[in-house]
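A short write-up of the structure that comes next.
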4 protein chains.
Amino acid sequence: MARTVNLGVIGTGRIGRVHIDNLLRRLSGVRVGAVADVLRDSAREVGERYGIPAVSEDPREVLDRGDLDAVLICSSTDTHADLIVAAAAAGKHIFCEKPISRELSATDRALRAVEAAGVKLQMGFNRRFDPSHGRVKEHIVNGDIGTLHTLRLASRDPAPPPMEYLRVSGGIFMDMTIHDFDMARYLAGGEVVEVFAAGGVRVDPAIAELGDLDTAVTVLRFDSGVLATIDNCRKSVYGYDQRIEAFGSEGMAVSENVASNSARLYGGDRVSADLPPYFFLERYTDSYVREMEAFVASVRDDTEPPATGADARAALLLAFAARRSADENRPVRVSEVG
Amino acid sequence: MARTVNLGVIGTGRIGRVHIDNLLRRLSGVRVGAVADVLRDSAREVGERYGIPAVSEDPREVLDRGDLDAVLICSSTDTHADLIVAAAAAGKHIFCEKPISRELSATDRALRAVEAAGVKLQMGFNRRFDPSHGRVKEHIVNGDIGTLHTLRLASRDPAPPPMEYLRVSGGIFMDMTIHDFDMARYLAGGEVVEVFAAGGVRVDPAIAELGDLDTAVTVLRFDSGVLATIDNCRKSVYGYDQRIEAFGSEGMAVSENVASNSARLYGGDRVSADLPPYFFLERYTDSYVREMEAFVASVRDDTEPPATGADARAALLLAFAARRSADENRPVRVSEVG
Amino acid sequence: MARTVNLGVIGTGRIGRVHIDNLLRRLSGVRVGAVADVLRDSAREVGERYGIPAVSEDPREVLDRGDLDAVLICSSTDTHADLIVAAAAAGKHIFCEKPISRELSATDRALRAVEAAGVKLQMGFNRRFDPSHGRVKEHIVNGDIGTLHTLRLASRDPAPPPMEYLRVSGGIFMDMTIHDFDMARYLAGGEVVEVFAAGGVRVDPAIAELGDLDTAVTVLRFDSGVLATIDNCRKSVYGYDQRIEAFGSEGMAVSENVASNSARLYGGDRVSADLPPYFFLERYTDSYVREMEAFVASVRDDTEPPATGADARAALLLAFAARRSADENRPVRVSEVG
Amino acid sequence: MARTVNLGVIGTGRIGRVHIDNLLRRLSGVRVGAVADVLRDSAREVGERYGIPAVSEDPREVLDRGDLDAVLICSSTDTHADLIVAAAAAGKHIFCEKPISRELSATDRALRAVEAAGVKLQMGFNRRFDPSHGRVKEHIVNGDIGTLHTLRLASRDPAPPPMEYLRVSGGIFMDMTIHDFDMARYLAGGEVVEVFAAGGVRVDPAIAELGDLDTAVTVLRFDSGVLATIDNCRKSVYGYDQRIEAFGSEGMAVSENVASNSARLYGGDRVSADLPPYFFLERYTDSYVREMEAFVASVRDDTEPPATGADARAALLLAFAARRSADENRPVRVSEVG
């Protein structure tokens with residue numbers, strides 16, 4: 001039987017709890033030996049619920065433990081880079097929610113620390129693990145659609161986040177499109193050389209006051225000649241919209257929105273169905289489980305994790321390029337921003 | 001916070017483990033205090049995996065415990081009736097996999113014991129808890145399709161069970177159609193007065209040697225005048241086929257097969273999708289969770305469980321009537337068999 | 001180039017006009033040389049619109065013409081048998097709307113006349129020519145679903161016909177289910193040996209006063225062991241419901257309701273689409289064209305038409321058997337009624 | 001009854017014949033009094049088939065006839081502008097296949113002639129008349145999706161046209177995307193202010209030698225702030241791909257690819273369906289009929305046609321801007337090119 005992987009979790013907010021629940025209730029051979037959160041009550045509540053032996057408000061107490069193979073960094077974005085550096089120094093493998101940092105210098109500092117320590121770093125690009133998107137990837141890899149020509153991604157949230165979050169979010173490209181940048185890179189299997197982005201404020205004028213956009217279209221040109229278009233909006237009344245289309249010389253593979261259920265109603269005026277799942281926690285349930293499975297397998301089997309720090313850096317550069325493109329209304333080469 | 005419900009489980013085979021896993025990993029406020037299985041190693045393995053304090057090969061040891069509110073009976077069918085009687089005598093609420101018994105007398109004996117003891121009995125008609133089928137029920141209850149006229153159910157297994165199981169299964173109507181009988185009753189909300197069934201052996205001649213059928217069509221006539229048709233087969237190469245259609249004066253509600261994922265492939269000759277989930281464990285994942293939630297809520301809140309012993313008895317009578325109808329090639333009134 | 005086929009049309013009501021329009025506007029190499037209708041104004045109007053040289057109120061004037069290869073009999077059902085006899089005597093090939101007659105004796109008289117004269121008789125079972133149903137037939141013939149086990153047909157009209165029509169319609173099985181009987185025979189490729197039918201009056205009590213049913217379920221048992229279930233209702237608020245399902249050892253082929261258009265609306269509460277086509281004239285547009293193509297090809301190439309008088313007779317027997325089954329509440333062997 | 005509209009047709013190639021057939025066989029109250037084609041045999045063949053009295057190789061003979069209300073210009077693109085000028089001078093209303101010209105000056109000359117003569121000019125943007133795309137337009141107009149934010153169009157041909165055609169086609173934006181430019185303008189209901197286009201040669205290197213592209217992505221920014229993305233390719237192995245998506249503040253309306261039929265096959269490894277219609281003649285059958293209905297109604301009722309010369313001019317400017325954008329790799333303001 002496979003050996004038990006021992007994990008610590010830093011940050012017991014919403015996403016931290018999702019991971020802990022999946023690790024302990026959906027996976028096998030995993031132990032969560034310590035949790036920390038600056039909100040001590042949050043850490044304690046989680047610790048009690050899951051019977052986690054060590055609970056702290058100080059992440060150092062997690063990092064210093066000798067019995068842990070790896071840590072999950074699920075705290076706020078501004079702490080990620082420093083915690084990666086500290087975890088690497090402590091010789092722990094790392095799973096970190098995206099992004100590493102909204103700054104390139106901090107990102108690079110963290111990546112250097114990871115490399116120097118020789119630990120693994122998996123980034124929380126959970127959509128890669130979605131079964132439907134995964135089938136699109138498989139169809140590409142299997143050659144079912146021949147040579148890839150274009151990608152089309154639609155990615156819309158049901159509602160904008162609160163203003164206090166938007167203020168520190170880094171803007172739509174860094175906060176929202178970054179998932180699509182990663183997905184496009186994942187599917188196309190190459191590097192983006194140029195970005196064109198256009199957008200506007202259609203949902204809430206307060207977003208304009210932040211200098212941000214709430215609706216955007218982005219075109220990516222890959223070194224292979226593949227073109228990807230991404231369509232984002234912060235508000236979709238019919239719920240979370242997550243669609244992918246990969247078009248190639250021998251066919252097309254698409255990942256449609258998943259259905260909440262398979263019921264249909266034929267009435268006197270319309271044929272109808274329930275709306276798709278409301279947001280990421282409902283839509284990507286399986287993805288989060290499979291993401292953890294991948295990380296645990298990577299630690300246990302000493303293999304490369306499927307979404308690395310280099311992927312996070314690449315997506316960050318695309319966010320920079322997209323932002324500059326939208327600001328200056330011109331295609332921006334990725335080499336200009338990194 | 002809601003009080004913890006303490007459960008014992010008798011039978012740690014496939015379905016028993018599904019329930020234990022759901023109870024402990026997907027529900028809150030539940031404790032499994034004891035398990036028993038005639039195969040002591042099976043019980044011990046489960047006990048160790050889930051940290052269950054009491055493990056035994058004797059179901060009596062579960063029933064005799066004073067700390068349990070209820071028991072799940074997941075052992076082989078021939079033990080159900082006696083265990084229900086014993087559990088009722090021990091004052092335990094009961095969840096029992098269907099059927100209570102393949103005999104009416106034993107069924108009635110168990111139901112009398114339950115009634116005498118004043119305990120709850122929920123039967124394992126898991127499909128009632130499926131979200132898609134549940135939407136059909138809701139559309140009926142909400143009046144979205146007006147007065148119900150007809151039901152159409154298709155219910156096909158991916159492959160027949162092993163011969164040793166078929167030999168003691170009670171036949172296709174008691175083993176397989178019984179779920180559809182319950183679903184039809186659940187949706188139509190009344191009682192069946194007459195059954196017509198026709199069938200044949202199309203899949204495996206060995207099934208004919210058992211005097212059983214592997215393909216069958218059943219027509220139910222309800223007291224309300226609603227007509228239901230059920231289409232069964234023991235083998236469907238494209239996987240488990242589970243569809244429901246409720247047609248009424250103001251519309252139709254259907255529950256289609258669920259998709260394994262939302263990916264589609266457009267190739268040079270066909271547009272295609274992956275097959276639906278293979279069998280009940282894959283198809284009815286959520287149903288099993290919701291079934292346990294319903295049972296636990298019924299115990300905790302002292303409410304009537306949503307699928308009772310009376311439902312099991314009614315479905316059993318329909319299985320008898322269907323069998324007689326197929327044997328004698330005539331519509332059989334339910335009053336003839338019970 | 002193929003020689004022109006010269007046709008006469010008897011009956012210029014709704015369906016006669018559909019055929020004339022399709023013959024002259026959608027087909028090539030066809031001439032309509034004469035039309036007749038007991039309502040002389042109807043015949044004259046059609047004659048003028050399409051430039052048909054001979055117009056009459058007397059069908060004899062059509063049958064007596066020497067320049068016609070064939071006639072279409074689109075007059076009221078009670079005239080079909082006599083007109084077939086007369087047309088056969090006149091040496092004309094015949095297309096006749098179903099049924100030949102509601103009586104077996106008149107049907108047989110017509111079939112004998114056709115056989116004696118050596119002319120072709122194609123019956124108006126238009127659904128055989130529907131592209132979607134046709135694909136199901138092709139999948140069966142190609143072996144895509146292996147050995148056929150069961151058929152499921154749903155066939156519902158948007159609204160009952162007027163009472164004056166219902167009074168002479170011959171009842172639901174002869175008027176409505178007869179199309180499904182033909183479709184089941186067409187798909188299964190064998191003969192029905194036994195029929196069980198059950199029904200009720202759910203739509204309009206006035207239908208009960210006629211001794212008729214408006215909702216019915218029919219089970220057919222074929223000599224091959226194939227079982228077919230047919231679900232009919234005279235009223236479906238969401239429009240004409242026409243679905244077919246063929247299940248076999250290697251798969252299932254289905255013909256779903258066709259969509260009025262491919263537009264979908266994602267709103268704040270539902271995902272929805274327009275209703276399917278309202279009734280047969282909208283639903284079976286292509287079928288009527290292809291039906292005429294088949295008839296013209298049969299005449300031109302001297303081949304057997306694809307839906308013969310024998311098919312009409314067989315479907316009639318099934319209607320008799322279904323009616324008797326519903327009346328006597330027992331399975332009825334087809335040999336009992338013919 | 002409505003008066004008969006008398007039409008002449010210049011150009012009896014493929015699209016001219018489609019229109020003539022629809023005018024005479026699918027519409028009422030229309031007469032085609034004259035046809036001309038530089039290939040006299042083509043004109044004569046069409047004239048004979050449809051009984052058209054006047055046949056010529058000289059378009060002037062059509063334009064000079066006093067009995068015609070309007071003419072259809074279906075000859076090669078290089079003749080459109082001159083024929084529009086001549087037809088306008090002759091006082092004929094005009095339906096012209098797109099584009100008027102590949103030159104702006106000739107386009108403007110034609111439009112001035114039309115305006116001076118006070119005749120109507122309807123351009124052959126047939127997709128506006130597609131029932132599915134039309135439902136998207138209706139949903140927008142009805143407010144079903146609130147304020148429009150973004151459009152997404154996918155438009156792919158099954159195979160590139162012959163090289164000799166490509167050589168004179170004006171390039172992908174003028175020949176292919178122009179339909180999407182018109183559709184985007186039609187749906188968004190405003191004017192485009194800026195265009196960004198990116199593309200490549202993925203299908204056939206010979207297209208690169210022409211200085212053309214075969215795969216392209218275009219982003220349109222409207223004066224209203226609406227953003228539209230268009231995804232084009234000259235080759236799609238699964239057939240003609242024609243999809244539209246309109247996303248707004250209150251929902252999304254989409255027009256999916258239409259199905260060739262409603263049959264589905266469930267096999268042992270995949271669930272599949274036939275490919276969509278192969279190309280525009282199969283896909284847009286109904287659109288061509290409705291386009292002619294709209295033109296005839298416009299002539300008969302003296303109303304503005306639904307796709308005008310101004311629309312053609314606007315789409316032409318977008319093609320210029322897209323081409324320049326792709327060439328210079330920068331967003332191009334429409335005001336730069338017209």
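We name chains A, B, ... following the order of the structure tokens; residues begin at 1 in each chain, and ligands are numbered from 1 as shown.
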Contacts between chain B and chain C, please, where a residue of chain C counts if it comes within 9 Å (with only C-alpha atoms); show its shortest atom pair and distance in Å to one decimal, rows by chain and ascending number, as CSV.
residue,atom,partner,partner_atom,distance
C:Thr147,CA,B:Arg202,CA,8.9
C:His149,CA,B:Arg202,CA,6.9
C:Thr150,CA,B:Asp231,CA,8.2
C:Arg152,CA,B:Asp231,CA,8.4
C:Phe196,CA,B:Phe196,CA,8.5
C:Ala198,CA,B:Leu227,CA,8.0
C:Gly199,CA,B:Leu227,CA,7.6
C:Gly200,CA,B:Gly225,CA,6.9
C:Val201,CA,B:Gly225,CA,8.7
C:Arg202,CA,B:His149,CA,6.9
C:Val203,CA,B:Ser249,CA,7.4
C:Thr215,CA,B:His149,CA,7.8
C:Ala216,CA,B:Leu227,CA,8.1
C:Val217,CA,B:Leu227,CA,7.4
C:Thr218,CA,B:Val219,CA,9.0
C:Val219,CA,B:Val217,CA,8.0
C:Arg221,CA,B:Ala198,CA,8.3
C:Gly225,CA,B:Gly200,CA,6.9
C:Val226,CA,B:Gly200,CA,8.5
C:Leu227,CA,B:Val217,CA,7.4
C:Ala228,CA,B:Val217,CA,8.4
C:Thr229,CA,B:Thr229,CA,7.8
C:Asp231,CA,B:Thr150,CA,8.2
C:Cys233,CA,B:His149,CA,8.8
C:Lys235,CA,B:Ser249,CA,7.6
C:Ser236,CA,B:Gly251,CA,6.9
C:Val237,CA,B:Gly251,CA,5.9
C:Tyr238,CA,B:Gly251,CA,6.3
C:Phe247,CA,B:Ser236,CA,8.5
C:Gly248,CA,B:Ser236,CA,8.0
C:Ser249,CA,B:Ser236,CA,7.1
C:Glu250,CA,B:Val237,CA,5.9
C:Gly251,CA,B:Val237,CA,5.9
C:Met252,CA,B:Tyr238,CA,8.0
C:Asn329,CA,B:Pro331,CA,7.2
C:Arg330,CA,B:Arg330,CA,5.7
C:Pro331,CA,B:Arg330,CA,6.3
Put those residues in a file: C-alpha atoms, as a short mmCIF file (atom, residue, chain, number, x, y, z; two decimals), in the first residue's frame.
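Below is the file out_23.cif, written as the result:
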data_model
loop_
_atom_site.label_atom_id
_atom_site.label_comp_id
_atom_site.auth_asym_id
_atom_site.auth_seq_id
_atom_site.Cartn_x
_atom_site.Cartn_y
_atom_site.Cartn_z
CA THR C 147 -30.14 -7.50 -33.19
CA HIS C 149 -34.75 -6.07 -29.05
CA THR C 150 -37.32 -3.36 -28.38
CA ARG C 152 -40.34 2.66 -28.16
CA PHE C 196 -52.03 -5.42 -25.98
CA ALA C 198 -54.74 0.06 -22.73
CA GLY C 199 -56.11 3.55 -22.75
CA GLY C 200 -58.40 6.12 -21.34
CA VAL C 201 -60.05 9.45 -21.90
CA ARG C 202 -57.91 12.16 -20.34
CA VAL C 203 -58.27 15.05 -22.76
CA THR C 215 -54.73 8.44 -24.58
CA ALA C 216 -53.40 4.96 -25.17
CA VAL C 217 -50.49 2.66 -24.67
CA THR C 218 -49.97 -0.27 -27.01
CA VAL C 219 -47.56 -3.20 -26.80
CA ARG C 221 -45.11 -8.56 -29.92
CA GLY C 225 -39.65 -11.64 -30.31
CA VAL C 226 -39.16 -7.90 -30.70
CA LEU C 227 -41.41 -5.91 -28.37
CA ALA C 228 -42.66 -2.46 -29.28
CA THR C 229 -44.43 0.04 -27.05
CA ASP C 231 -47.48 5.91 -26.39
CA CYS C 233 -52.20 11.11 -26.85
CA LYS C 235 -53.24 16.48 -27.04
CA SER C 236 -49.73 17.66 -26.32
CA VAL C 237 -49.41 21.32 -25.33
CA TYR C 238 -45.81 21.51 -26.53
CA PHE C 247 -32.75 -0.72 -28.89
CA GLY C 248 -30.66 -3.73 -29.78
CA SER C 249 -27.81 -5.97 -28.79
CA GLU C 250 -25.13 -3.55 -30.00
CA GLY C 251 -26.64 -0.17 -29.34
CA MET C 252 -29.60 2.15 -29.60
CA ASN C 329 -58.56 -5.90 -21.63
CA ARG C 330 -56.49 -8.82 -22.83
CA PRO C 331 -53.71 -9.42 -25.35
#
> So which bits of segment 70-270 of chain A end up strand (DSSP E or B) when you DSSP the backbone, as a PyMOL selection string?
Replying inline: chain A and resi 70-73+93-96+121-123+148-156+192-200+215-222+227-233+241-248+251-255+263-266
>> Which residues are near Ala117 of chain D? Cut-off 8 Å, only C-alpha atoms, ignore same chain within fewer than 5 positions. Put them as a VMD selection string.
In response: chain D and resid 88 to 89 91
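If you look at atom CA of Lys137 of chain D and atom CA of Ala188 of chain D, they are 8.9 Å away from each other.
Put simply, atom CA of Val119 of chain B is 22.8 Å away from atom CA of Ile15 of chain B.
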Within 12 Å of Val289 of chain D, counting only C-alpha atoms, which residues qualify if same-chain residues fewer than 6 places away don't, as a JSON list (two decimals) with N, CA, C and O atoms, in the first residue's frame?
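Heads up, here's the output in part_9.json:
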[["chain", "number", "residue", "atom", "x", "y", "z"],
["D", 15, "ILE", "N", -26.08, 30.67, -57.84],
["D", 15, "ILE", "CA", -26.93, 31.42, -56.91],
["D", 15, "ILE", "C", -28.14, 32.02, -57.63],
["D", 15, "ILE", "O", -29.24, 32.12, -57.06],
["D", 18, "VAL", "N", -30.70, 29.37, -57.72],
["D", 18, "VAL", "CA", -31.34, 29.21, -56.41],
["D", 18, "VAL", "C", -32.45, 30.24, -56.25],
["D", 18, "VAL", "O", -33.58, 29.92, -55.84],
["D", 19, "HIS", "N", -32.14, 31.48, -56.58],
["D", 19, "HIS", "CA", -33.15, 32.53, -56.41],
["D", 19, "HIS", "C", -34.35, 32.31, -57.33],
["D", 19, "HIS", "O", -35.51, 32.47, -56.92],
["D", 20, "ILE", "N", -34.08, 31.97, -58.58],
["D", 20, "ILE", "CA", -35.19, 31.77, -59.53],
["D", 20, "ILE", "C", -36.08, 30.63, -59.05],
["D", 20, "ILE", "O", -37.32, 30.73, -59.04],
["D", 21, "ASP", "N", -35.45, 29.56, -58.61],
["D", 21, "ASP", "CA", -36.24, 28.43, -58.13],
["D", 21, "ASP", "C", -37.09, 28.82, -56.93],
["D", 21, "ASP", "O", -38.27, 28.49, -56.85],
["D", 22, "ASN", "N", -36.49, 29.53, -56.02],
["D", 22, "ASN", "CA", -37.25, 29.95, -54.84],
["D", 22, "ASN", "C", -38.37, 30.92, -55.22],
["D", 22, "ASN", "O", -39.49, 30.82, -54.71],
["D", 23, "LEU", "N", -38.05, 31.87, -56.09],
["D", 23, "LEU", "CA", -39.06, 32.86, -56.50],
["D", 23, "LEU", "C", -40.27, 32.18, -57.12],
["D", 23, "LEU", "O", -41.42, 32.53, -56.82],
["D", 24, "LEU", "N", -40.00, 31.21, -57.97],
["D", 24, "LEU", "CA", -41.10, 30.61, -58.73],
["D", 24, "LEU", "C", -41.74, 29.44, -58.02],
["D", 24, "LEU", "O", -42.91, 29.13, -58.28],
["D", 25, "ARG", "N", -40.99, 28.76, -57.16],
["D", 25, "ARG", "CA", -41.53, 27.54, -56.58],
["D", 25, "ARG", "C", -41.88, 27.67, -55.10],
["D", 25, "ARG", "O", -42.63, 26.87, -54.58],
["D", 26, "ARG", "N", -41.30, 28.65, -54.43],
["D", 26, "ARG", "CA", -41.57, 28.74, -53.00],
["D", 26, "ARG", "C", -42.36, 30.00, -52.66],
["D", 26, "ARG", "O", -42.95, 30.08, -51.59],
["D", 27, "LEU", "N", -42.33, 30.99, -53.54],
["D", 27, "LEU", "CA", -43.08, 32.21, -53.28],
["D", 27, "LEU", "C", -44.35, 32.24, -54.14],
["D", 27, "LEU", "O", -44.50, 31.46, -55.08],
["D", 28, "SER", "N", -45.25, 33.11, -53.79],
["D", 28, "SER", "CA", -46.45, 33.33, -54.59],
["D", 28, "SER", "C", -46.41, 34.76, -55.11],
["D", 28, "SER", "O", -45.78, 35.63, -54.53],
["D", 124, "GLY", "N", -27.37, 40.95, -50.88],
["D", 124, "GLY", "CA", -27.55, 39.53, -50.59],
["D", 124, "GLY", "C", -26.90, 39.03, -49.32],
["D", 124, "GLY", "O", -26.16, 38.04, -49.36],
["D", 126, "ASN", "N", -27.65, 36.96, -46.99],
["D", 126, "ASN", "CA", -28.70, 35.97, -46.77],
["D", 126, "ASN", "C", -28.81, 35.51, -45.32],
["D", 126, "ASN", "O", -29.87, 35.11, -44.87],
["D", 127, "ARG", "N", -27.70, 35.57, -44.59],
["D", 127, "ARG", "CA", -27.74, 34.99, -43.24],
["D", 127, "ARG", "C", -28.69, 35.73, -42.30],
["D", 127, "ARG", "O", -29.14, 35.18, -41.31],
["D", 128, "ARG", "N", -28.93, 37.01, -42.63],
["D", 128, "ARG", "CA", -29.89, 37.75, -41.81],
["D", 128, "ARG", "C", -31.24, 37.05, -41.77],
["D", 128, "ARG", "O", -32.04, 37.29, -40.87],
["D", 129, "PHE", "N", -31.52, 36.25, -42.78],
["D", 129, "PHE", "CA", -32.86, 35.66, -42.92],
["D", 129, "PHE", "C", -32.94, 34.25, -42.37],
["D", 129, "PHE", "O", -33.98, 33.61, -42.46],
["D", 130, "ASP", "N", -31.85, 33.78, -41.81],
["D", 130, "ASP", "CA", -31.86, 32.44, -41.24],
["D", 130, "ASP", "C", -32.76, 32.42, -39.99],
["D", 130, "ASP", "O", -32.63, 33.28, -39.12],
["D", 131, "PRO", "N", -33.64, 31.43, -39.89],
["D", 131, "PRO", "CA", -34.56, 31.41, -38.74],
["D", 131, "PRO", "C", -33.86, 31.35, -37.38],
["D", 131, "PRO", "O", -34.32, 31.96, -36.42],
["D", 281, "LEU", "N", -25.45, 26.16, -49.23],
["D", 281, "LEU", "CA", -26.68, 25.84, -49.95],
["D", 281, "LEU", "C", -27.56, 24.87, -49.16],
["D", 281, "LEU", "O", -28.78, 24.95, -49.21],
["D", 295, "PHE", "N", -37.37, 40.73, -50.22],
["D", 295, "PHE", "CA", -37.15, 41.65, -51.34],
["D", 295, "PHE", "C", -38.46, 41.90, -52.09],
["D", 295, "PHE", "O", -38.81, 43.04, -52.41],
["D", 296, "VAL", "N", -39.19, 40.84, -52.35],
["D", 296, "VAL", "CA", -40.46, 40.99, -53.07],
["D", 296, "VAL", "C", -41.43, 41.85, -52.25],
["D", 296, "VAL", "O", -42.12, 42.72, -52.80]]
> Excluding same-chain residues fewer than 4 positions from segment 43-57 of chain B, what lies within 12 Å of it counting only C-alpha atoms, as a VMD selection string?
Replying inline: (chain A and resid 24 to 25 28 to 29) or (chain B and resid 6 to 14 16 to 25 31 to 39 61 to 65 67 to 68 75)
>> as a ChimeraX atom specification, please: every residue in segment 110-298 of chain D that a backbone DSSP assignment puts in helix (DSSP H, G or I).
In response: /D:110-117,126-129,131-141,163-168,172-188,205-209,280-283,285-298
Please write the residues from the selection above to a file, keeping C-alpha atoms, as a compact mmCIF listing (two decimals), in the first residue's frame.
# COMPACT_ATOMS: atom_id res chain seq x y z
CA ALA D 110 -23.31 52.60 -57.44
CA LEU D 111 -24.86 53.89 -54.24
CA ARG D 112 -25.11 57.41 -55.67
CA ALA D 113 -26.85 56.05 -58.75
CA VAL D 114 -29.32 54.17 -56.58
CA GLU D 115 -30.02 57.21 -54.51
CA ALA D 116 -30.38 59.48 -57.52
CA ALA D 117 -32.83 57.10 -59.14
CA ASN D 126 -28.70 35.97 -46.77
CA ARG D 127 -27.74 34.99 -43.24
CA ARG D 128 -29.89 37.75 -41.81
CA PHE D 129 -32.86 35.66 -42.92
CA PRO D 131 -34.56 31.41 -38.74
CA SER D 132 -32.07 30.52 -36.00
CA HIS D 133 -29.94 33.63 -36.34
CA GLY D 134 -33.21 35.52 -36.65
CA ARG D 135 -34.30 34.25 -33.24
CA VAL D 136 -31.09 35.65 -31.75
CA LYS D 137 -31.91 39.01 -33.31
CA GLU D 138 -35.45 38.80 -31.93
CA HIS D 139 -34.19 37.98 -28.45
CA ILE D 140 -31.97 41.06 -28.62
CA VAL D 141 -34.74 43.29 -29.94
CA MET D 163 -7.41 28.74 -56.41
CA GLU D 164 -8.69 30.61 -59.46
CA TYR D 165 -11.50 31.97 -57.32
CA LEU D 166 -9.28 32.74 -54.36
CA ARG D 167 -7.01 34.73 -56.65
CA VAL D 168 -9.79 37.25 -57.39
CA ILE D 172 -10.61 36.19 -46.62
CA PHE D 173 -11.98 39.35 -44.97
CA MET D 174 -13.72 40.59 -48.10
CA ASP D 175 -14.88 37.21 -49.31
CA MET D 176 -15.74 35.31 -46.16
CA THR D 177 -15.68 37.49 -43.04
CA ILE D 178 -17.82 40.05 -44.80
CA HIS D 179 -20.88 37.96 -43.96
CA ASP D 180 -19.86 38.01 -40.31
CA PHE D 181 -19.21 41.74 -40.41
CA ASP D 182 -22.76 42.19 -41.65
CA MET D 183 -24.16 39.79 -39.06
CA ALA D 184 -22.32 41.56 -36.24
CA ARG D 185 -23.61 44.95 -37.42
CA TYR D 186 -27.10 43.54 -37.82
CA LEU D 187 -27.14 42.11 -34.31
CA ALA D 188 -25.35 44.93 -32.52
CA PRO D 205 0.44 27.11 -48.20
CA ALA D 206 -0.71 28.12 -51.68
CA ILE D 207 -3.00 30.61 -50.00
CA ALA D 208 0.03 32.27 -48.47
CA GLU D 209 1.49 32.70 -51.93
CA PHE D 280 -24.27 27.23 -47.39
CA LEU D 281 -26.68 25.84 -49.95
CA GLU D 282 -27.69 23.08 -47.54
CA ARG D 283 -27.44 25.19 -44.39
CA THR D 285 -32.02 26.82 -47.63
CA ASP D 286 -34.69 28.69 -45.71
CA SER D 287 -32.67 31.89 -45.59
CA TYR D 288 -32.61 32.18 -49.36
CA VAL D 289 -36.37 31.79 -49.54
CA ARG D 290 -36.96 34.36 -46.83
CA GLU D 291 -34.47 36.72 -48.41
CA MET D 292 -36.49 36.70 -51.63
CA GLU D 293 -39.73 37.09 -49.69
CA ALA D 294 -38.26 40.15 -48.04
CA PHE D 295 -37.15 41.65 -51.34
CA VAL D 296 -40.46 40.99 -53.07
CA ALA D 297 -42.34 42.43 -50.10
CA SER D 298 -40.13 45.49 -50.15
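Distances to Arg324 of chain C were evaluated for C:Gly309, C:Gly171, C:Pro158, C:Pro276 using only C-alpha atoms, and the minimum falls at C:Gly171.
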> Hey, which of A:Leu72, A:Ala86, A:Gly118, A:Thr77 ends up closest to Arg60 of chain A? Count only C-alpha atoms.
Replying inline: A:Ala86
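Closest approach to Ile100 of chain B among B:Val299, B:Ala314, B:Ala273, B:Val195: B:Ala314, based on only C-alpha atoms.
Atom pair atom CA of Asn142 of chain C / atom CA of Pro277 of chain B: separated by 26.4 Å.
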>> List as a list in words the protein and nucleic acid residues near Leu317 of chain B, meaning an atom at most 9 Å away when only C-alpha atoms are counted, but skip any in the same chain fewer than 5 places from it.
In response: Leu104, Ala312, Ala322, Val334, Ser335, Val337 and Gly338 of chain B
